[in-house]
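*Asks:* Just one file: model_12.cif, with mmCIF, C-alpha atoms; chains and numbers go by the auth columns.
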```cif
data_upload
#
loop_
_atom_site.group_PDB
_atom_site.id
_atom_site.type_symbol
_atom_site.label_atom_id
_atom_site.label_comp_id
_atom_site.label_asym_id
_atom_site.label_seq_id
_atom_site.Cartn_x
_atom_site.Cartn_y
_atom_site.Cartn_z
_atom_site.B_iso_or_equiv
_atom_site.auth_seq_id
_atom_site.auth_asym_id
ATOM 1 C CA MET A 1 88.452 129.795 102.635 0.00 1 A
ATOM 2 C CA ALA A 2 89.599 127.980 99.537 0.00 2 A
ATOM 3 C CA ALA A 3 89.627 124.215 99.118 0.00 3 A
ATOM 4 C CA HIS A 4 90.679 121.637 96.568 0.00 4 A
ATOM 5 C CA SER A 5 90.708 117.855 96.668 0.00 5 A
ATOM 6 C CA ASN A 6 91.903 115.315 94.133 0.00 6 A
ATOM 7 C CA VAL A 7 89.832 112.631 95.851 0.00 7 A
ATOM 8 C CA ALA A 8 86.069 113.004 95.497 0.00 8 A
ATOM 9 C CA SER A 9 85.334 110.989 98.647 0.00 9 A
ATOM 10 C CA PHE A 10 87.494 113.240 100.856 0.00 10 A
ATOM 11 C CA ASP A 11 85.331 115.932 102.467 0.00 11 A
ATOM 12 C CA ILE A 12 87.911 118.680 102.859 0.00 12 A
ATOM 13 C CA GLU A 13 85.449 121.182 104.347 0.00 13 A
ATOM 14 C CA THR A 14 84.562 118.827 107.199 0.00 14 A
ATOM 15 C CA ALA A 15 88.215 117.935 107.760 0.00 15 A
ATOM 16 C CA ALA A 16 89.179 121.616 107.848 0.00 16 A
ATOM 17 C CA ALA A 17 86.391 122.399 110.314 0.00 17 A
ATOM 18 C CA TYR A 18 87.565 119.699 112.714 0.00 18 A
ATOM 19 C CA ASN A 19 91.187 120.723 112.283 0.00 19 A
ATOM 20 C CA THR A 20 90.203 124.263 113.239 0.00 20 A
ATOM 21 C CA GLU A 21 89.160 122.778 116.571 0.00 21 A
ATOM 22 C CA VAL A 22 92.507 120.958 116.839 0.00 22 A
ATOM 23 C CA VAL A 23 94.324 124.279 116.411 0.00 23 A
ATOM 24 C CA LYS A 24 92.068 126.062 118.922 0.00 24 A
ATOM 25 C CA GLN A 25 92.614 123.374 121.549 0.00 25 A
ATOM 26 C CA LYS A 26 96.383 123.338 121.048 0.00 26 A
ATOM 27 C CA LEU A 27 96.497 127.132 121.423 0.00 27 A
ATOM 28 C CA LYS A 28 94.482 126.802 124.645 0.00 28 A
ATOM 29 C CA ALA A 29 96.896 124.155 125.936 0.00 29 A
ATOM 30 C CA ILE A 30 99.894 126.370 125.187 0.00 30 A
ATOM 31 C CA SER A 31 98.210 129.227 127.032 0.00 31 A
ATOM 32 C CA ALA A 32 97.212 127.064 130.012 0.00 32 A
ATOM 33 C CA LEU A 33 100.763 125.774 130.315 0.00 33 A
ATOM 34 C CA LYS A 34 102.049 129.347 130.119 0.00 34 A
ATOM 35 C CA LEU A 35 104.446 128.405 127.339 0.00 35 A
ATOM 36 C CA ASN A 36 106.054 131.257 125.479 0.00 36 A
ATOM 37 C CA GLN A 37 105.710 129.396 122.187 0.00 37 A
ATOM 38 C CA THR A 38 103.895 129.657 118.880 0.00 38 A
ATOM 39 C CA ILE A 39 102.703 126.816 116.701 0.00 39 A
ATOM 40 C CA GLN A 40 104.593 126.558 113.453 0.00 40 A
ATOM 41 C CA ASP A 41 102.811 123.507 112.124 0.00 41 A
ATOM 42 C CA ILE A 42 100.837 120.492 113.261 0.00 42 A
ATOM 43 C CA LEU A 43 101.350 117.010 111.835 0.00 43 A
ATOM 44 C CA LEU A 44 98.763 114.248 112.074 0.00 44 A
ATOM 45 C CA THR A 45 99.977 110.867 110.874 0.00 45 A
ATOM 46 C CA LEU A 46 97.245 108.422 109.903 0.00 46 A
ATOM 47 C CA THR A 47 97.558 104.872 108.615 0.00 47 A
ATOM 48 C CA ASP A 48 98.046 105.942 104.998 0.00 48 A
ATOM 49 C CA GLN A 49 97.754 109.724 105.113 0.00 49 A
ATOM 50 C CA LEU A 50 99.719 112.721 106.366 0.00 50 A
ATOM 51 C CA HIS A 51 97.744 115.783 107.432 0.00 51 A
ATOM 52 C CA LEU A 52 99.680 119.023 107.917 0.00 52 A
ATOM 53 C CA LEU A 53 98.484 122.361 109.219 0.00 53 A
ATOM 54 C CA LYS A 54 100.739 125.391 108.691 0.00 54 A
ATOM 55 C CA LEU A 55 99.710 128.359 110.825 0.00 55 A
ATOM 56 C CA SER A 56 100.103 132.037 110.115 0.00 56 A
ATOM 57 C CA PRO A 57 102.432 133.951 112.457 0.00 57 A
ATOM 58 C CA ASN A 58 99.447 135.240 114.475 0.00 58 A
ATOM 59 C CA GLY A 59 97.726 131.822 114.554 0.00 59 A
ATOM 60 C CA GLN A 60 94.518 133.138 112.975 0.00 60 A
ATOM 61 C CA LYS A 61 94.793 131.277 109.646 0.00 61 A
ATOM 62 C CA PHE A 62 96.203 127.999 108.474 0.00 62 A
ATOM 63 C CA ILE A 63 96.846 126.021 105.331 0.00 63 A
ATOM 64 C CA TYR A 64 95.672 122.429 105.519 0.00 64 A
ATOM 65 C CA LEU A 65 97.270 119.725 103.388 0.00 65 A
ATOM 66 C CA ALA A 66 96.335 116.050 103.390 0.00 66 A
ATOM 67 C CA VAL A 67 98.347 113.634 101.271 0.00 67 A
ATOM 68 C CA ASN A 68 98.588 109.908 100.726 0.00 68 A
ATOM 69 C CA SER A 69 101.736 108.818 102.561 0.00 69 A
ATOM 70 C CA ARG A 70 102.448 106.177 99.926 0.00 70 A
ATOM 71 C CA ASP A 71 102.711 108.884 97.230 0.00 71 A
ATOM 72 C CA THR A 72 104.292 111.774 99.174 0.00 72 A
ATOM 73 C CA ASN A 73 106.855 111.880 101.936 0.00 73 A
ATOM 74 C CA LEU A 74 106.836 114.366 104.796 0.00 74 A
ATOM 75 C CA ALA A 75 109.678 116.498 103.404 0.00 75 A
ATOM 76 C CA VAL A 76 107.857 116.996 100.095 0.00 76 A
ATOM 77 C CA ALA A 77 104.587 117.836 101.873 0.00 77 A
ATOM 78 C CA ARG A 78 106.348 120.425 104.055 0.00 78 A
ATOM 79 C CA GLN A 79 107.966 121.974 100.958 0.00 79 A
ATOM 80 C CA VAL A 80 104.539 122.299 99.335 0.00 80 A
ATOM 81 C CA LEU A 81 103.229 124.072 102.432 0.00 81 A
ATOM 82 C CA LYS A 82 106.278 126.318 102.614 0.00 82 A
ATOM 83 C CA SER A 83 105.770 127.394 99.009 0.00 83 A
ATOM 84 C CA HIS A 84 102.269 128.644 99.882 0.00 84 A
ATOM 85 C CA THR A 85 102.945 130.387 103.199 0.00 85 A
ATOM 86 C CA ASP A 86 102.867 133.858 101.628 0.00 86 A
ATOM 87 C CA VAL A 87 99.041 133.637 101.499 0.00 87 A
ATOM 88 C CA LEU A 88 98.993 133.471 105.304 0.00 88 A
ATOM 89 C CA SER A 89 100.342 136.988 105.784 0.00 89 A
#
```
Would you kindly transcribe this structure into structure tokens?

*Replies:*
Amino acid sequence: MAAHSNVASFDIETAAAYNTEVVKQKLKAISALKLNQTIQDILLTLTDQLHLLKLSPNGQKFIYLAVNSRDTNLAVARQVLKSHTDVLS
């Protein structure tokens, strides 16, 4: 796991750990509903933040990006994630 934060008060390791649980639960829900689907990404919209999780094709890894929604829009955040998806393979 690699992590970087531009905000000292943001505990990225804790956030990533909890988001791992979000991914696990969503995968369980997809399985329980017998959906023939894979998760491409997960978006969490907070009051002033966007949190995006981009999953690998097999769902075993993800890139986690949290941005201030006043400084970055969703399209830019998704482009940043897309530019780093090669590390998921």

*Asks:* With the PyMOL selection byres ((chain A and resi 44-47) around 12) as the selection, what would be picked from this file? Answer as an NGL selection string, please.

*Replies:* :A and (15 or 19 or 22-23 or 41-43 or 48-54 or 64-70 or 73-74)

*Asks:* Mind telling me what the PyMOL selection byres ((chain A and resi 85) around 9) catches here, as an mmCIF file with C-alpha atoms, in the frame of the given file?

*Replies:*
```cif
data_model
loop_
_atom_site.group_PDB
_atom_site.id
_atom_site.type_symbol
_atom_site.label_atom_id
_atom_site.label_comp_id
_atom_site.auth_asym_id
_atom_site.auth_seq_id
_atom_site.Cartn_x
_atom_site.Cartn_y
_atom_site.Cartn_z
ATOM 1 C CA LYS A 54 100.739 125.391 108.691
ATOM 2 C CA LEU A 55 99.710 128.359 110.825
ATOM 3 C CA SER A 56 100.103 132.037 110.115
ATOM 4 C CA PHE A 62 96.203 127.999 108.474
ATOM 5 C CA ILE A 63 96.846 126.021 105.331
ATOM 6 C CA LEU A 81 103.229 124.072 102.432
ATOM 7 C CA LYS A 82 106.278 126.318 102.614
ATOM 8 C CA SER A 83 105.770 127.394 99.009
ATOM 9 C CA HIS A 84 102.269 128.644 99.882
ATOM 10 C CA ASP A 86 102.867 133.858 101.628
ATOM 11 C CA VAL A 87 99.041 133.637 101.499
ATOM 12 C CA LEU A 88 98.993 133.471 105.304
ATOM 13 C CA SER A 89 100.342 136.988 105.784
#
```

*Asks:* Could you state the separation of CA of Thr38 (chain A) and CA of Lys26 (chain A) in Å, given to one decimal place?

*Replies:*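 Result for CA of Thr38 (chain A) versus CA of Lys26 (chain A): 10.1 Å, one decimal.
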
*Asks:* Quote the spacing between CA of Asn36 (chain A) and CA of Tyr18 (chain A) in Å to one decimal place.

*Replies:* 25.3 Å

*Asks:* So how far away is CA of Thr14 (chain A) from CA of Ser31 (chain A), in Å?

*Replies:*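 Distance between the two atoms: 26.2 Å.
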
*Asks:* May I ask which of the residues A:Gly59, A:Val76, A:Asp71, A:Val7 is the closest one to Lys28 (chain A), counting all atoms listed in the file?

*Replies:* A:Gly59

*Asks:* Closest to Ala16 (chain A) among A:Ile30, A:Thr72, A:Gln37, A:Lys61, using all atoms listed in the file?

*Replies:*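 Once distances to Ala16 (chain A) are computed over all atoms listed in the file, the minimum belongs to A:Lys61.
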
*Asks:* Report, as JSON, the centre and edge lengths in Å (one decimal) of the axis-aligned box enclosing every listed atom of region 11-26 of chain A, padded by 4 Å on each side.

*Replies:*
```
{"center_x": 90.5, "center_y": 121.0, "center_z": 112.0, "size_x": 19.8, "size_y": 18.1, "size_z": 27.1}
```
